[in-house]
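target.cif, holding mmCIF, C-alpha atoms:
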```
data_start
#
loop_
_atom_site.group_PDB
_atom_site.id
_atom_site.type_symbol
_atom_site.label_atom_id
_atom_site.label_comp_id
_atom_site.auth_asym_id
_atom_site.auth_seq_id
_atom_site.Cartn_x
_atom_site.Cartn_y
_atom_site.Cartn_z
ATOM 1 C CA MET A 117 20.167 119.009 95.069
ATOM 2 C CA ALA A 118 21.574 120.156 91.731
ATOM 3 C CA ARG A 119 19.051 121.655 89.349
ATOM 4 C CA LYS A 120 17.940 119.658 86.340
ATOM 5 C CA LYS A 121 19.458 120.543 82.964
ATOM 6 C CA VAL A 122 17.546 121.000 79.735
ATOM 7 C CA THR A 123 19.192 121.627 76.369
ATOM 8 C CA ILE A 124 17.205 123.221 73.564
ATOM 9 C CA VAL A 125 18.691 122.717 70.115
ATOM 10 C CA GLY A 126 17.646 125.507 67.763
ATOM 11 C CA SER A 127 17.366 129.078 69.028
ATOM 12 C CA GLY A 128 14.779 130.344 66.567
ATOM 13 C CA ASN A 129 11.336 131.409 67.740
ATOM 14 C CA VAL A 130 10.232 127.972 68.979
ATOM 15 C CA GLY A 131 13.528 127.160 70.723
ATOM 16 C CA ALA A 132 14.012 130.566 72.351
ATOM 17 C CA THR A 133 10.391 130.684 73.526
ATOM 18 C CA THR A 134 10.694 127.163 74.969
ATOM 19 C CA ALA A 135 13.745 128.409 76.903
ATOM 20 C CA HIS A 136 11.630 131.330 78.114
ATOM 21 C CA TRP A 137 8.775 129.116 79.384
ATOM 22 C CA ILE A 138 11.149 126.649 81.082
ATOM 23 C CA ALA A 139 13.152 129.400 82.801
ATOM 24 C CA ALA A 140 10.014 131.308 83.829
ATOM 25 C CA LYS A 141 8.687 128.132 85.500
ATOM 26 C CA GLU A 142 12.096 127.575 87.158
ATOM 27 C CA LEU A 143 12.056 123.993 85.865
ATOM 28 C CA ALA A 144 15.746 123.612 85.033
ATOM 29 C CA ASP A 145 18.980 125.232 83.990
ATOM 30 C CA VAL A 146 18.823 125.880 80.248
ATOM 31 C CA VAL A 147 21.383 125.489 77.475
ATOM 32 C CA LEU A 148 20.308 127.130 74.215
ATOM 33 C CA LEU A 149 22.300 125.744 71.279
ATOM 34 C CA ASP A 150 22.397 126.816 67.648
ATOM 35 C CA VAL A 151 24.758 126.615 64.684
ATOM 36 C CA ILE A 152 24.545 130.379 64.113
ATOM 37 C CA GLU A 153 27.231 132.129 66.105
ATOM 38 C CA GLY A 154 26.038 134.812 68.499
ATOM 39 C CA VAL A 155 22.302 134.156 68.281
ATOM 40 C CA PRO A 156 21.994 131.644 71.152
ATOM 41 C CA GLN A 157 24.520 133.616 73.188
ATOM 42 C CA GLY A 158 22.557 136.857 72.756
ATOM 43 C CA LYS A 159 19.143 135.338 73.397
ATOM 44 C CA GLY A 160 20.452 133.301 76.336
ATOM 45 C CA LEU A 161 22.017 136.361 77.986
ATOM 46 C CA ASP A 162 18.894 138.450 77.400
ATOM 47 C CA LEU A 163 16.733 135.775 79.029
ATOM 48 C CA LEU A 164 19.188 135.355 81.926
ATOM 49 C CA GLU A 165 18.956 139.093 82.602
ATOM 50 C CA ALA A 166 15.168 138.770 82.924
ATOM 51 C CA MET A 167 15.463 136.282 85.789
ATOM 52 C CA PRO A 168 16.029 138.839 88.595
ATOM 53 C CA ILE A 169 12.773 140.506 87.550
ATOM 54 C CA GLU A 170 10.957 137.171 87.398
ATOM 55 C CA LYS A 171 12.624 136.101 90.706
ATOM 56 C CA ARG A 172 13.808 132.842 89.185
ATOM 57 C CA ASP A 173 17.136 131.205 90.014
ATOM 58 C CA VAL A 174 18.213 129.354 86.907
ATOM 59 C CA SER A 175 21.309 129.360 84.752
ATOM 60 C CA ILE A 176 20.825 130.073 81.044
ATOM 61 C CA ILE A 177 23.659 129.874 78.542
ATOM 62 C CA GLY A 178 23.755 130.170 74.778
ATOM 63 C CA THR A 179 26.341 128.187 72.860
ATOM 64 C CA ASN A 180 27.456 126.705 69.546
ATOM 65 C CA ASP A 181 29.369 123.902 71.293
ATOM 66 C CA TYR A 182 27.710 120.539 72.005
ATOM 67 C CA ALA A 183 30.175 120.004 74.900
ATOM 68 C CA ASP A 184 28.122 122.554 76.876
ATOM 69 C CA THR A 185 25.073 120.268 76.610
ATOM 70 C CA ALA A 186 26.737 117.351 78.436
ATOM 71 C CA ASN A 187 24.609 115.444 80.950
ATOM 72 C CA SER A 188 21.304 117.058 79.982
ATOM 73 C CA ASP A 189 18.270 115.443 81.588
ATOM 74 C CA VAL A 190 16.085 116.402 78.626
ATOM 75 C CA VAL A 191 16.986 117.646 75.150
ATOM 76 C CA VAL A 192 14.291 119.479 73.185
ATOM 77 C CA ILE A 193 15.053 119.535 69.457
ATOM 78 C CA THR A 194 13.485 122.389 67.493
ATOM 79 C CA ALA A 195 16.268 122.681 64.891
ATOM 80 C CA GLY A 196 15.373 122.784 61.206
ATOM 81 C CA ILE A 197 13.975 125.139 58.633
ATOM 82 C CA ALA A 198 10.497 126.540 59.300
ATOM 83 C CA ARG A 199 7.500 126.329 57.027
ATOM 84 C CA LYS A 200 6.888 129.180 54.608
ATOM 85 C CA PRO A 201 3.488 130.108 53.093
ATOM 86 C CA GLY A 202 2.408 127.519 50.542
ATOM 87 C CA MET A 203 4.978 125.023 51.823
ATOM 88 C CA SER A 204 3.640 121.752 53.201
ATOM 89 C CA ARG A 205 5.253 120.002 56.151
ATOM 90 C CA ASP A 206 6.371 117.385 53.644
ATOM 91 C CA ASP A 207 8.452 119.958 51.737
ATOM 92 C CA LEU A 208 10.596 120.282 54.842
ATOM 93 C CA LEU A 209 11.348 116.595 54.871
ATOM 94 C CA ASN A 210 14.752 116.108 53.289
ATOM 95 C CA THR A 211 16.434 119.205 54.710
ATOM 96 C CA ASN A 212 15.222 118.585 58.238
ATOM 97 C CA PHE A 213 16.081 114.860 58.015
ATOM 98 C CA LYS A 214 19.752 115.775 57.529
ATOM 99 C CA ILE A 215 19.667 118.338 60.333
ATOM 100 C CA MET A 216 17.910 115.938 62.755
ATOM 101 C CA SER A 217 20.331 113.091 62.070
ATOM 102 C CA ASP A 218 23.318 115.346 62.750
ATOM 103 C CA VAL A 219 21.857 116.920 65.914
ATOM 104 C CA VAL A 220 20.748 113.641 67.496
ATOM 105 C CA SER A 221 24.105 111.910 67.085
ATOM 106 C CA LYS A 222 25.854 114.896 68.720
ATOM 107 C CA VAL A 223 23.494 115.365 71.681
ATOM 108 C CA VAL A 224 23.337 111.650 72.524
ATOM 109 C CA ALA A 225 27.142 111.466 72.468
ATOM 110 C CA GLN A 226 27.174 114.152 75.189
ATOM 111 C CA SER A 227 24.096 112.971 77.127
ATOM 112 C CA PRO A 228 23.605 109.203 76.683
ATOM 113 C CA ASN A 229 20.975 109.067 79.466
ATOM 114 C CA THR A 230 18.874 111.951 78.174
ATOM 115 C CA ILE A 231 15.231 111.978 77.097
ATOM 116 C CA LEU A 232 14.614 113.524 73.672
ATOM 117 C CA VAL A 233 11.539 115.665 72.987
ATOM 118 C CA ILE A 234 11.228 116.221 69.238
ATOM 119 C CA VAL A 235 9.504 119.369 67.963
ATOM 120 C CA SER A 236 10.946 119.784 64.435
ATOM 121 C CA ASN A 237 8.638 119.218 61.445
ATOM 122 C CA PRO A 238 7.420 117.080 59.802
ATOM 123 C CA LEU A 239 7.025 115.965 63.393
ATOM 124 C CA ASP A 240 6.282 112.246 63.214
ATOM 125 C CA ALA A 241 8.934 111.557 60.582
ATOM 126 C CA MET A 242 11.498 113.599 62.535
ATOM 127 C CA ALA A 243 10.684 111.652 65.733
ATOM 128 C CA GLN A 244 11.186 108.420 63.761
ATOM 129 C CA THR A 245 14.505 109.773 62.440
ATOM 130 C CA ALA A 246 15.644 110.697 65.950
ATOM 131 C CA PHE A 247 14.674 107.271 67.311
ATOM 132 C CA LYS A 248 16.568 105.404 64.578
ATOM 133 C CA GLN A 249 19.618 107.671 64.899
ATOM 134 C CA ALA A 250 19.785 107.814 68.707
ATOM 135 C CA GLY A 251 19.769 104.106 69.477
ATOM 136 C CA LEU A 252 17.782 104.884 72.639
ATOM 137 C CA PRO A 253 14.742 102.921 73.870
ATOM 138 C CA ARG A 254 11.404 104.268 72.633
ATOM 139 C CA GLU A 255 10.615 105.514 76.144
ATOM 140 C CA ARG A 256 13.285 108.184 75.728
ATOM 141 C CA VAL A 257 12.342 109.588 72.304
ATOM 142 C CA ILE A 258 8.959 111.338 72.266
ATOM 143 C CA GLY A 259 7.411 113.685 69.718
ATOM 144 C CA MET A 260 5.508 116.868 70.578
ATOM 145 C CA ALA A 261 2.386 117.080 68.443
ATOM 146 C CA GLY A 262 -0.793 116.065 70.197
ATOM 147 C CA VAL A 263 -0.298 118.475 73.109
ATOM 148 C CA LEU A 264 -0.246 121.359 70.619
ATOM 149 C CA ASP A 265 -3.080 120.021 68.460
ATOM 150 C CA SER A 266 -5.221 119.341 71.527
ATOM 151 C CA ALA A 267 -4.526 122.854 72.849
ATOM 152 C CA ARG A 268 -5.741 124.302 69.571
ATOM 153 C CA PHE A 269 -8.879 122.145 69.687
ATOM 154 C CA ARG A 270 -9.477 123.180 73.321
ATOM 155 C CA THR A 271 -9.099 126.829 72.373
ATOM 156 C CA PHE A 272 -11.725 126.575 69.646
ATOM 157 C CA ILE A 273 -14.121 124.596 71.881
ATOM 158 C CA ALA A 274 -13.785 127.137 74.719
ATOM 159 C CA GLU A 275 -14.387 130.033 72.303
ATOM 160 C CA GLU A 276 -17.391 128.300 70.770
ATOM 161 C CA LEU A 277 -19.069 127.556 74.109
ATOM 162 C CA LYS A 278 -17.785 130.708 75.891
ATOM 163 C CA VAL A 279 -16.365 128.666 78.778
ATOM 164 C CA SER A 280 -13.048 128.623 80.612
ATOM 165 C CA VAL A 281 -10.265 126.770 78.828
ATOM 166 C CA GLU A 282 -9.603 125.102 82.198
ATOM 167 C CA ASN A 283 -12.930 123.248 81.830
ATOM 168 C CA VAL A 284 -12.052 121.840 78.418
ATOM 169 C CA THR A 285 -10.202 118.574 77.791
ATOM 170 C CA ALA A 286 -9.624 117.364 74.246
ATOM 171 C CA PHE A 287 -7.819 114.524 72.535
ATOM 172 C CA VAL A 288 -6.222 114.549 69.121
ATOM 173 C CA LEU A 289 -4.609 111.361 67.799
ATOM 174 C CA GLY A 290 -2.615 110.483 64.704
ATOM 175 C CA GLY A 291 0.066 112.287 62.750
ATOM 176 C CA HIS A 292 0.789 115.992 63.202
ATOM 177 C CA GLY A 293 -0.713 117.364 60.002
ATOM 178 C CA ASP A 294 -3.778 117.323 57.844
ATOM 179 C CA THR A 295 -4.515 113.665 58.667
ATOM 180 C CA MET A 296 -4.697 114.138 62.453
ATOM 181 C CA VAL A 297 -7.730 112.657 64.216
ATOM 182 C CA PRO A 298 -9.516 115.018 66.664
ATOM 183 C CA LEU A 299 -11.564 112.745 68.953
ATOM 184 C CA SER A 300 -14.671 114.739 69.821
ATOM 185 C CA ARG A 301 -16.213 111.715 71.515
ATOM 186 C CA TYR A 302 -13.454 111.797 74.141
ATOM 187 C CA SER A 303 -13.408 115.607 74.473
ATOM 188 C CA THR A 304 -15.310 117.189 77.347
ATOM 189 C CA VAL A 305 -16.293 120.420 79.079
ATOM 190 C CA ALA A 306 -16.353 119.905 82.872
ATOM 191 C CA GLY A 307 -16.889 116.199 82.169
ATOM 192 C CA ILE A 308 -19.732 116.744 79.680
ATOM 193 C CA PRO A 309 -18.983 115.298 76.202
ATOM 194 C CA ILE A 310 -18.775 118.124 73.673
ATOM 195 C CA THR A 311 -20.876 115.989 71.303
ATOM 196 C CA GLU A 312 -23.804 116.911 73.583
ATOM 197 C CA LEU A 313 -22.972 120.628 73.557
ATOM 198 C CA ILE A 314 -21.978 121.420 69.967
ATOM 199 C CA PRO A 315 -23.991 120.422 66.857
ATOM 200 C CA ALA A 316 -22.269 117.802 64.683
ATOM 201 C CA ASP A 317 -21.801 120.072 61.649
ATOM 202 C CA ARG A 318 -20.240 122.837 63.758
ATOM 203 C CA LEU A 319 -18.034 120.295 65.529
ATOM 204 C CA LYS A 320 -16.767 119.109 62.156
ATOM 205 C CA GLU A 321 -15.750 122.706 61.356
ATOM 206 C CA LEU A 322 -13.799 122.954 64.622
ATOM 207 C CA GLU A 323 -12.069 119.637 63.906
ATOM 208 C CA THR A 324 -11.077 120.859 60.441
ATOM 209 C CA ARG A 325 -9.773 124.142 61.859
ATOM 210 C CA THR A 326 -7.707 122.161 64.379
ATOM 211 C CA ALA A 327 -6.172 119.998 61.642
ATOM 212 C CA ASN A 328 -5.230 123.165 59.726
ATOM 213 C CA GLY A 329 -4.161 125.091 62.845
ATOM 214 C CA GLY A 330 -0.522 125.519 61.873
ATOM 215 C CA ALA A 331 -1.309 126.560 58.304
ATOM 216 C CA GLU A 332 -3.794 129.174 59.560
ATOM 217 C CA ILE A 333 -1.058 130.874 61.595
ATOM 218 C CA VAL A 334 1.479 130.641 58.757
ATOM 219 C CA LYS A 335 -1.059 132.357 56.494
ATOM 220 C CA HIS A 336 -1.410 135.252 58.948
ATOM 221 C CA LEU A 337 2.290 135.660 59.689
ATOM 222 C CA LYS A 338 3.419 135.289 56.059
ATOM 223 C CA THR A 339 7.105 135.085 57.090
ATOM 224 C CA GLY A 340 7.105 132.473 59.828
ATOM 225 C CA SER A 341 5.150 129.847 61.713
ATOM 226 C CA ALA A 342 3.597 129.308 65.149
ATOM 227 C CA TYR A 343 5.857 129.362 68.194
ATOM 228 C CA TYR A 344 4.052 130.414 71.393
ATOM 229 C CA ALA A 345 1.744 127.383 71.532
ATOM 230 C CA PRO A 346 4.305 124.841 70.192
ATOM 231 C CA SER A 347 6.884 125.952 72.777
ATOM 232 C CA ALA A 348 4.303 125.894 75.589
ATOM 233 C CA ALA A 349 3.348 122.362 74.518
ATOM 234 C CA ALA A 350 6.976 121.201 74.574
ATOM 235 C CA THR A 351 7.379 122.792 78.003
ATOM 236 C CA GLU A 352 4.355 120.909 79.367
ATOM 237 C CA MET A 353 6.000 117.651 78.286
ATOM 238 C CA VAL A 354 9.355 118.647 79.814
ATOM 239 C CA GLU A 355 7.639 119.572 83.084
ATOM 240 C CA ALA A 356 5.788 116.232 83.216
ATOM 241 C CA ILE A 357 9.129 114.414 82.792
ATOM 242 C CA LEU A 358 11.249 116.506 85.186
ATOM 243 C CA LYS A 359 8.593 116.494 87.922
ATOM 244 C CA ASP A 360 7.674 112.833 87.350
ATOM 245 C CA LYS A 361 4.033 113.898 87.103
ATOM 246 C CA LYS A 362 2.704 110.722 85.413
ATOM 247 C CA LYS A 363 0.669 113.087 83.252
ATOM 248 C CA ILE A 364 -1.367 111.688 80.374
ATOM 249 C CA LEU A 365 -0.729 113.765 77.265
ATOM 250 C CA PRO A 366 -1.205 113.029 73.565
ATOM 251 C CA CYS A 367 2.316 112.579 72.153
ATOM 252 C CA ALA A 368 3.975 110.943 69.175
ATOM 253 C CA ALA A 369 5.257 107.572 70.368
ATOM 254 C CA TYR A 370 6.864 104.584 68.652
ATOM 255 C CA LEU A 371 4.099 102.003 68.457
ATOM 256 C CA GLN A 372 4.857 98.297 68.718
ATOM 257 C CA GLY A 373 1.420 96.927 67.980
ATOM 258 C CA GLU A 374 -0.703 99.355 69.985
ATOM 259 C CA TYR A 375 -3.781 100.470 68.033
ATOM 260 C CA GLY A 376 -2.821 97.830 65.453
ATOM 261 C CA ILE A 377 0.162 99.909 64.293
ATOM 262 C CA LYS A 378 3.737 98.670 64.410
ATOM 263 C CA GLY A 379 7.144 100.295 63.937
ATOM 264 C CA LEU A 380 5.930 103.866 63.507
ATOM 265 C CA TYR A 381 5.657 107.145 65.423
ATOM 266 C CA VAL A 382 1.986 108.116 65.736
ATOM 267 C CA GLY A 383 0.159 110.396 68.160
ATOM 268 C CA VAL A 384 -1.511 108.474 71.021
ATOM 269 C CA PRO A 385 -2.317 109.124 74.712
ATOM 270 C CA CYS A 386 0.922 108.737 76.685
ATOM 271 C CA LYS A 387 1.778 108.791 80.372
ATOM 272 C CA LEU A 388 4.895 110.923 80.874
ATOM 273 C CA GLY A 389 7.121 110.693 83.934
ATOM 274 C CA ALA A 390 10.749 110.556 85.020
ATOM 275 C CA LYS A 391 11.517 107.658 82.658
ATOM 276 C CA GLY A 392 9.985 109.496 79.704
ATOM 277 C CA LEU A 393 7.192 107.534 78.054
ATOM 278 C CA GLU A 394 5.949 105.320 80.888
ATOM 279 C CA GLN A 395 2.759 103.944 79.360
ATOM 280 C CA ILE A 396 0.719 104.120 76.161
ATOM 281 C CA ILE A 397 -2.974 104.304 76.955
ATOM 282 C CA GLU A 398 -5.108 102.295 74.522
ATOM 283 C CA ILE A 399 -8.659 103.556 74.195
ATOM 284 C CA LYS A 400 -11.447 101.901 72.250
ATOM 285 C CA LEU A 401 -12.008 103.472 68.858
ATOM 286 C CA THR A 402 -15.000 103.223 66.575
ATOM 287 C CA ALA A 403 -14.444 101.676 63.143
ATOM 288 C CA ASP A 404 -14.392 105.182 61.608
ATOM 289 C CA GLU A 405 -11.902 106.495 64.155
ATOM 290 C CA GLN A 406 -9.614 103.484 63.675
ATOM 291 C CA ALA A 407 -9.796 103.927 59.894
ATOM 292 C CA ALA A 408 -8.880 107.625 60.276
ATOM 293 C CA LEU A 409 -5.966 106.711 62.561
ATOM 294 C CA ASN A 410 -4.773 104.109 60.031
ATOM 295 C CA ARG A 411 -4.904 106.715 57.256
ATOM 296 C CA SER A 412 -2.867 109.068 59.429
ATOM 297 C CA ALA A 413 -0.318 106.318 60.131
ATOM 298 C CA ASP A 414 -0.094 105.552 56.391
ATOM 299 C CA ALA A 415 0.711 109.228 55.710
ATOM 300 C CA VAL A 416 3.498 109.114 58.315
ATOM 301 C CA LYS A 417 4.828 105.848 56.877
ATOM 302 C CA GLU A 418 4.971 107.374 53.399
ATOM 303 C CA LEU A 419 7.192 110.223 54.663
ATOM 304 C CA CYS A 420 9.386 107.834 56.642
ATOM 305 C CA SER A 421 9.841 105.661 53.541
ATOM 306 C CA VAL A 422 11.099 108.647 51.522
ATOM 307 C CA ILE A 423 13.937 109.264 54.022
ATOM 308 C CA GLY A 424 14.582 105.561 54.689
ATOM 309 C CA VAL A 425 13.501 105.356 58.335
ATOM 310 C CA ALA A 426 10.234 103.410 57.925
#
```
How would this structure read if it were set down as structure tokens?
Amino acid sequence: MARKKVTIVGSGNVGATTAHWIAAKELADVVLLDVIEGVPQGKGLDLLEAMPIEKRDVSIIGTNDYADTANSDVVVITAGIARKPGMSRDDLLNTNFKIMSDVVSKVVAQSPNTILVIVSNPLDAMAQTAFKQAGLPRERVIGMAGVLDSARFRTFIAEELKVSVENVTAFVLGGHGDTMVPLSRYSTVAGIPITELIPADRLKELETRTANGGAEIVKHLKTGSAYYAPSAAATEMVEAILKDKKKILPCAAYLQGEYGIKGLYVGVPCKLGAKGLEQIIEIKLTADEQAALNRSADAVKELCSVIGVA
């Protein structure tokens, strides 16, 4: 059986590290594409030369030519400018809208049956852009946000309670940004709701830290943004698709009435498998949680309206 093929568009920190995770897990052959000549070729060759040490049989190529991406099973799009200190995700909007529109039309022309995993920021608006540009069904355009946000929340919960991260499950809904909705009521440690283990005021602090997780890292780095956790999150989604795992992960999906929201990409629990988005799981929300999710959706809609994809 031929190996699966994954293209990663953008060979900056997030793209190159996604290639690293995918190759290290021997999930697929990897094509690393970028507009800058030499960068994807150099990083791709460097990673390929690590494979004998890692005992992984995968092909990795770097390229500037979309023809090399033909017939990709999954395309992960990380292309765009990164956030700088003091810059909001919204500041990225217009530049990354143009980049996303261009990239999507080119990758879909080469791989009409592909599944798109969108990582570029502002995430929800870029997923909406990709969906409108690609002309693919919503099942094949999915945004990576909730997996990352939930991982951050899980990290903070595990640190707080001094337990294994393997014991912690957490759900974060809504847009990828300050309006995200960490659902403590549905977050557990070995099946025990964290609302029974962490005082409400402290839990609120952890939720706030989760919502500001990206900005906290940008503040430390000063000249860049997070990439280890975002790339690991994208890889988890790719693995669920390629292995048809039917894994339930929080992702940005195009809602058609679910949660009372229509025509918008918003983070919700999704079942991922070989067809991409195979099911949206609707959970019961309290009035406060629904109101918070609506506020988050409104923030996404505002961005989408600015770039004409609402």
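Here atom CA of A:Thr304 and atom CA of A:Ala368 stand 21.9 Å from one another.
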Q: Please determine the residues with any atom at most 12 Å from (21.2, 138.3, 74.6) (coordinates as given in the file, with only C-alpha atoms counting) and report them as a PyMOL selection string.
A: chain A and resi 127+132+148+154-166+176-179
Write the residues of the selection above to a file with C-alpha atoms, as an mmCIF file, in the coordinates of the input.
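New file out-v3.cif:
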```
data_model
loop_
_atom_site.group_PDB
_atom_site.id
_atom_site.type_symbol
_atom_site.label_atom_id
_atom_site.label_comp_id
_atom_site.auth_asym_id
_atom_site.auth_seq_id
_atom_site.Cartn_x
_atom_site.Cartn_y
_atom_site.Cartn_z
ATOM 1 C CA SER A 127 17.366 129.078 69.028
ATOM 2 C CA ALA A 132 14.012 130.566 72.351
ATOM 3 C CA LEU A 148 20.308 127.130 74.215
ATOM 4 C CA GLY A 154 26.038 134.812 68.499
ATOM 5 C CA VAL A 155 22.302 134.156 68.281
ATOM 6 C CA PRO A 156 21.994 131.644 71.152
ATOM 7 C CA GLN A 157 24.520 133.616 73.188
ATOM 8 C CA GLY A 158 22.557 136.857 72.756
ATOM 9 C CA LYS A 159 19.143 135.338 73.397
ATOM 10 C CA GLY A 160 20.452 133.301 76.336
ATOM 11 C CA LEU A 161 22.017 136.361 77.986
ATOM 12 C CA ASP A 162 18.894 138.450 77.400
ATOM 13 C CA LEU A 163 16.733 135.775 79.029
ATOM 14 C CA LEU A 164 19.188 135.355 81.926
ATOM 15 C CA GLU A 165 18.956 139.093 82.602
ATOM 16 C CA ALA A 166 15.168 138.770 82.924
ATOM 17 C CA ILE A 176 20.825 130.073 81.044
ATOM 18 C CA ILE A 177 23.659 129.874 78.542
ATOM 19 C CA GLY A 178 23.755 130.170 74.778
ATOM 20 C CA THR A 179 26.341 128.187 72.860
#
```
Protein and nucleic acid residues near (-15.8, 115.6, 61.0) (cut-off 12 Å, only C-alpha atoms) as an mmCIF file with C-alpha atoms, in the coordinates of the input:
```cif
data_model
loop_
_atom_site.group_PDB
_atom_site.id
_atom_site.type_symbol
_atom_site.label_atom_id
_atom_site.label_comp_id
_atom_site.auth_asym_id
_atom_site.auth_seq_id
_atom_site.Cartn_x
_atom_site.Cartn_y
_atom_site.Cartn_z
ATOM 1 C CA THR A 295 -4.515 113.665 58.667
ATOM 2 C CA MET A 296 -4.697 114.138 62.453
ATOM 3 C CA VAL A 297 -7.730 112.657 64.216
ATOM 4 C CA PRO A 298 -9.516 115.018 66.664
ATOM 5 C CA LEU A 299 -11.564 112.745 68.953
ATOM 6 C CA SER A 300 -14.671 114.739 69.821
ATOM 7 C CA ARG A 301 -16.213 111.715 71.515
ATOM 8 C CA THR A 311 -20.876 115.989 71.303
ATOM 9 C CA PRO A 315 -23.991 120.422 66.857
ATOM 10 C CA ALA A 316 -22.269 117.802 64.683
ATOM 11 C CA ASP A 317 -21.801 120.072 61.649
ATOM 12 C CA ARG A 318 -20.240 122.837 63.758
ATOM 13 C CA LEU A 319 -18.034 120.295 65.529
ATOM 14 C CA LYS A 320 -16.767 119.109 62.156
ATOM 15 C CA GLU A 321 -15.750 122.706 61.356
ATOM 16 C CA LEU A 322 -13.799 122.954 64.622
ATOM 17 C CA GLU A 323 -12.069 119.637 63.906
ATOM 18 C CA THR A 324 -11.077 120.859 60.441
ATOM 19 C CA ARG A 325 -9.773 124.142 61.859
ATOM 20 C CA THR A 326 -7.707 122.161 64.379
ATOM 21 C CA ALA A 327 -6.172 119.998 61.642
ATOM 22 C CA ASP A 404 -14.392 105.182 61.608
ATOM 23 C CA GLU A 405 -11.902 106.495 64.155
ATOM 24 C CA ALA A 408 -8.880 107.625 60.276
#
```
Shell of 6 Å around stretch 335-352 of chain A, all atoms listed in the file, local chain residues under 3 positions omitted, as a JSON list (two decimals) with C-alpha atoms, in the frame of the given file:
```
[["chain", "number", "residue", "atom", "x", "y", "z"],
["A", 129, "ASN", "CA", 11.34, 131.41, 67.74],
["A", 130, "VAL", "CA", 10.23, 127.97, 68.98],
["A", 133, "THR", "CA", 10.39, 130.68, 73.53],
["A", 134, "THR", "CA", 10.69, 127.16, 74.97],
["A", 201, "PRO", "CA", 3.49, 130.11, 53.09],
["A", 263, "VAL", "CA", -0.30, 118.48, 73.11],
["A", 264, "LEU", "CA", -0.25, 121.36, 70.62],
["A", 332, "GLU", "CA", -3.79, 129.17, 59.56],
["A", 355, "GLU", "CA", 7.64, 119.57, 83.08]]
```
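For A:Asp184, the set of protein, DNA and RNA residues having any atom at most 12 Å away, when counting all atoms listed in the file and skipping those fewer than 4 positions along the same chain, is A:Lys121, A:Val122, A:Thr123, A:Ile124, A:Val125, A:Asp145, A:Val146, A:Val147, A:Leu148, A:Leu149, A:Asp150, A:Ile176, A:Ile177, A:Gly178, A:Thr179, A:Asn180, A:Ser188, A:Lys222, A:Val223, A:Ala225, A:Gln226, A:Ser227.
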(Q) Applying the PyMOL selection byres ((chain A and resi 394) around 12) to the file I just gave you, which residues come out? Please list them as a PyMOL selection string. (A) chain A and resi 253-258+356-357+360-365+367+369+385-393+395-397
Q) When distances are computed from all atoms listed in the file, which of A:Pro238, A:Ala286, A:Asp265, A:Val233 shows the smallest separation from A:Leu208? A) A:Pro238
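With all atoms listed in the file as the atoms that count, the minimum distance from A:Lys141 to the choices A:Asp294, A:Glu170, A:Glu153, A:Glu282 is reached by A:Glu170.
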(Q) As a check of understanding, name the residues that the PyMOL selection byres ((chain A and resi 289) around 7) selects in the supplied structure, as a ChimeraX atom specification. (A) /A:262,287-288,290-291,296-298,366,383-384
Q: Would you translate the PyMOL selection byres ((chain A and resi 173) around 10) into the concrete set of residues it matches in this file, as a ChimeraX atom specification?
A: /A:119,139-140,142-145,164,167-168,170-172,174-176
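With only C-alpha atoms as the atoms that count, the residue of A:Lys120, A:Tyr375, A:Asp189, A:Arg268 with the shortest distance to A:Thr402 is A:Tyr375.
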Would you list the contacts of A:Ala241 as a compact mmCIF listing (two decimals) with C-alpha atoms, keeping the file's coordinate frame, taking every protein, DNA or RNA residue within 10 Å and counting all atoms listed in the file, but skipping same-chain residues closer than 2 positions in sequence?
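Contents of out23.txt, freshly written:
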```txt
# COMPACT_ATOMS: atom_id res chain seq x y z
CA ASP A 206 6.37 117.38 53.64
CA LEU A 209 11.35 116.60 54.87
CA ASN A 212 15.22 118.58 58.24
CA PHE A 213 16.08 114.86 58.02
CA SER A 236 10.95 119.78 64.44
CA ASN A 237 8.64 119.22 61.44
CA PRO A 238 7.42 117.08 59.80
CA LEU A 239 7.02 115.96 63.39
CA ALA A 243 10.68 111.65 65.73
CA GLN A 244 11.19 108.42 63.76
CA THR A 245 14.50 109.77 62.44
CA ALA A 246 15.64 110.70 65.95
CA PHE A 247 14.67 107.27 67.31
CA GLY A 259 7.41 113.68 69.72
CA GLY A 291 0.07 112.29 62.75
CA HIS A 292 0.79 115.99 63.20
CA ALA A 368 3.98 110.94 69.18
CA LEU A 380 5.93 103.87 63.51
CA TYR A 381 5.66 107.14 65.42
CA VAL A 382 1.99 108.12 65.74
CA ALA A 415 0.71 109.23 55.71
CA VAL A 416 3.50 109.11 58.32
CA LYS A 417 4.83 105.85 56.88
CA GLU A 418 4.97 107.37 53.40
CA LEU A 419 7.19 110.22 54.66
CA CYS A 420 9.39 107.83 56.64
CA SER A 421 9.84 105.66 53.54
CA VAL A 422 11.10 108.65 51.52
CA ILE A 423 13.94 109.26 54.02
CA VAL A 425 13.50 105.36 58.34
CA ALA A 426 10.23 103.41 57.92
```
Q. Distance atom CA of A:Gly424-atom CA of A:Gly126, one decimal place?
A. 24.0 Å
Q: Compare A:Val151, A:Lys378, A:Tyr370, A:Ile197 by their minimum atom-to-atom distance to A:Tyr182, counting all atoms listed in the file, and give me the closest one.
A: A:Val151
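You can rank A:Asn210, A:Ser266, A:Ser303, A:Asn229 by their closest distance to A:Ala186 using only C-alpha atoms, and at the top of that list sits A:Asn229.
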